[in-house]
Amino acid sequence: MSGFIEHLESLSEKDTKVRAVLRRSLAFDPGDCVPAFPYVEPFVKGEENPRRREVFYLVAGLWASHWREGRNGSPQSLGKACAAYQVANGSGSTERRFIALLDADHDQLPHHLRQMISLLKDQPLDFGDLLKRLLYWHDERKNSQLAWAREYYQNRSEESITHPHSEKETNQ
C-alpha cells in the first residue's frame with residue numbers, strides 16, 4: 001500500500017467523515033473541493049505539477065467511494081480486477097469500458113475512472129497501484145495503460161477471449 005493510501009486509512013480510522021468528504025469531492029473537478037484540502041494537501045505539499053496534484057485528489061475520492069468495512073481478498077490492480085469482473089459477469093460492456101478508460105485523455109480520465117471503480121465495487125482494488133499508474137498516465141510510452149492492458153488480457157478466461165485468427169486458419 002502506498003504512503004498516501006496509508007495516510008488516508010489512518011485519517012479514516014480516526015474520523016469516518018474523511019471518507020464522506022472525499023466521496024463528495026468526486027462531484028468536483030479533482031482538487032477543486034475545498035473541504036477535501038485538509039486530507040490531501042498535507043500529503044502533496046511541495047508538489048508543483050497541477051496534473052500530479054489532481055491525481056492525488058482523484059485517487060483520494062475514488063478510494064473513499066470504493067471503501068467497504070471488512071472487505072476480503074487481496075487488493076488487485078485495475079487490470080486484474082476488470083478481468084475478474086468480466087469473467088464473473090460475462091458482460092461485453094466491461095471490455096468496452098476498459099478500453100475507453102485506457103484511451104482516456106486528461107479531461108476524460110476522472111469520468112471513466114469513476115464509472116469503472118463503481119462497476120468494481122465488490123473487487124478489492126490496489127489504490128497504491130492506481131495512484132502510481134495515474135501519476136505516469138501521460139507518459140509518451142503509455143506504460144501505465146500497457147501494464148493494465150496486459151494484466152486484463154492475461155487474466156481473462158479462455159472462453160471469453162476471441163481468437164481473430166482461428167476462423168481464418170480453419171477455413172484454409
# chains A, B, ... in the order shown; residues from 1 in each chain; ligands from 1
>>> select_by_dssp(residues="region 24-159 of chain A", states="helix (DSSP H, G or I)", output="PyMOL selection string")
chain A and resi 24-27+34-44+50-66+78-89+92-102+109-119+127-135+143-154+158-159
>>> residues_around(residues="Gln123 (chain A)", least_positions_apart="2", cutoff="12 Å", atoms="only C-alpha atoms", output="VMD selection string")
chain A and resid 66 to 68 71 to 86 88 116 to 121 125 to 127
>>> write_last_selection(atoms="C-alpha atoms", output="PDB file, in the first residue's frame")
ATOM      1  CA  HIS A  66     -14.756   2.241  -3.012  1.00  0.00           C
ATOM      2  CA  TRP A  67     -14.005   1.757   0.707  1.00  0.00           C
ATOM      3  CA  ARG A  68     -16.011  -1.011   2.422  1.00  0.00           C
ATOM      4  CA  ARG A  71     -13.583  -6.207   2.548  1.00  0.00           C
ATOM      5  CA  ASN A  72     -11.928  -9.578   1.946  1.00  0.00           C
ATOM      6  CA  GLY A  73      -9.361 -10.620  -0.612  1.00  0.00           C
ATOM      7  CA  SER A  74      -6.027  -9.340  -1.772  1.00  0.00           C
ATOM      8  CA  PRO A  75      -6.092  -5.961  -3.480  1.00  0.00           C
ATOM      9  CA  GLN A  76      -5.725  -6.248  -7.245  1.00  0.00           C
ATOM     10  CA  SER A  77      -4.578  -3.857  -9.921  1.00  0.00           C
ATOM     11  CA  LEU A  78      -7.298  -2.298 -12.034  1.00  0.00           C
ATOM     12  CA  GLY A  79      -6.416  -4.529 -14.996  1.00  0.00           C
ATOM     13  CA  LYS A  80      -6.748  -7.738 -12.973  1.00  0.00           C
ATOM     14  CA  ALA A  81      -9.913  -6.538 -11.229  1.00  0.00           C
ATOM     15  CA  CYS A  82     -11.541  -5.725 -14.573  1.00  0.00           C
ATOM     16  CA  ALA A  83     -10.607  -9.169 -15.898  1.00  0.00           C
ATOM     17  CA  ALA A  84     -12.057 -10.850 -12.787  1.00  0.00           C
ATOM     18  CA  TYR A  85     -15.259  -8.818 -13.145  1.00  0.00           C
ATOM     19  CA  GLN A  86     -15.502  -9.733 -16.849  1.00  0.00           C
ATOM     20  CA  ALA A  88     -17.612 -13.363 -13.226  1.00  0.00           C
ATOM     21  CA  MET A 116     -15.007   1.759 -13.570  1.00  0.00           C
ATOM     22  CA  ILE A 117     -14.471   1.981  -9.808  1.00  0.00           C
ATOM     23  CA  SER A 118     -18.229   1.953  -9.319  1.00  0.00           C
ATOM     24  CA  LEU A 119     -18.522  -1.129 -11.523  1.00  0.00           C
ATOM     25  CA  LEU A 120     -15.801  -2.859  -9.492  1.00  0.00           C
ATOM     26  CA  LYS A 121     -17.401  -2.068  -6.125  1.00  0.00           C
ATOM     27  CA  LEU A 125      -8.514  -2.778  -5.514  1.00  0.00           C
ATOM     28  CA  ASP A 126      -4.897  -1.771  -5.021  1.00  0.00           C
ATOM     29  CA  PHE A 127      -5.182   2.008  -4.751  1.00  0.00           C
TER      30      PHE A 127
END
>>> residues_around(residues="Arg114 (chain A)", least_positions_apart="5", cutoff="9 Å", atoms="only C-alpha atoms", output="ChimeraX atom specification")
/A:26,62,65,109,119
>>> write_last_selection(atoms="N, CA and C atoms", output="PDB file, in the first residue's frame")
ATOM      1  N   LEU A  26     -15.680  13.901  -5.427  1.00  0.00           N
ATOM      2  CA  LEU A  26     -15.767  13.391  -6.796  1.00  0.00           C
ATOM      3  C   LEU A  26     -16.779  14.161  -7.642  1.00  0.00           C
ATOM      4  N   LEU A  62     -11.769   8.412  -5.200  1.00  0.00           N
ATOM      5  CA  LEU A  62     -12.071   7.048  -5.655  1.00  0.00           C
ATOM      6  C   LEU A  62     -11.880   6.046  -4.525  1.00  0.00           C
ATOM      7  N   SER A  65     -14.857   6.337  -2.233  1.00  0.00           N
ATOM      8  CA  SER A  65     -16.098   5.795  -2.810  1.00  0.00           C
ATOM      9  C   SER A  65     -16.075   4.268  -2.855  1.00  0.00           C
ATOM     10  N   LEU A 109     -10.420  11.242 -18.062  1.00  0.00           N
ATOM     11  CA  LEU A 109      -9.979  10.232 -17.109  1.00  0.00           C
ATOM     12  C   LEU A 109     -10.817  10.157 -15.832  1.00  0.00           C
ATOM     13  N   LEU A 119     -18.249   0.202 -10.982  1.00  0.00           N
ATOM     14  CA  LEU A 119     -18.522  -1.129 -11.523  1.00  0.00           C
ATOM     15  C   LEU A 119     -17.811  -2.211 -10.702  1.00  0.00           C
TER      16      LEU A 119
END
>>> closest_residue(among="A:Pro38, A:Gly70, A:Pro110, A:Pro30", to="Glu54 (chain A)", atoms="only C-alpha atoms")
A:Pro30
>>> closest_residue(among="A:Gly61, A:Gly3, A:Gly31, A:Gly92", to="Phe43 (chain A)", atoms="only C-alpha atoms")
A:Gly3
>>> closest_atom_pairs(of="region 34-103 of chain A", to="region 137-145 of chain A", cutoff="9 Å", atoms="only C-alpha atoms", output="CSV")
residue,atom,partner,partner_atom,distance
A:Leu101,CA,A:Gln145,CA,8.8
A:Leu102,CA,A:Gln145,CA,5.5
A:Asp103,CA,A:Gln145,CA,8.1
>>> write_last_selection(atoms="N, CA and C atoms", output="PDB file, in the first residue's frame")
ATOM      1  N   LEU A 101     -11.387   3.585 -20.979  1.00  0.00           N
ATOM      2  CA  LEU A 101     -10.560   4.106 -19.886  1.00  0.00           C
ATOM      3  C   LEU A 101      -9.099   4.202 -20.317  1.00  0.00           C
ATOM      4  N   LEU A 102      -8.580   3.147 -20.938  1.00  0.00           N
ATOM      5  CA  LEU A 102      -7.186   3.157 -21.367  1.00  0.00           C
ATOM      6  C   LEU A 102      -6.906   4.247 -22.392  1.00  0.00           C
ATOM      7  N   ASP A 103      -7.914   4.614 -23.153  1.00  0.00           N
ATOM      8  CA  ASP A 103      -7.758   5.624 -24.207  1.00  0.00           C
ATOM      9  C   ASP A 103      -8.109   7.033 -23.739  1.00  0.00           C
TER      10      ASP A 103
END
>>> atom_distance(atom1="CA of Val87 (chain A)", atom2="CA of Arg156 (chain A)")
6.3 Å
>>> residues_around(residues="Ala20 (chain A)", least_positions_apart="3", cutoff="10 Å", atoms="only C-alpha atoms", output="list in words")
Ser12, Asp15, Thr16, Lys17, Arg23, Arg24, Ser25, Ala36, Gly61, Ala64 and Ser65 of chain A
>>> closest_residue(among="A:Glu13, A:Ala149, A:Lys132, A:Val59", to="Ala100 (chain A)", atoms="only C-alpha atoms")
A:Ala149
>>> atom_distance(atom1="CA of Glu151 (chain A)", atom2="CA of Ala60 (chain A)")
23.4 Å
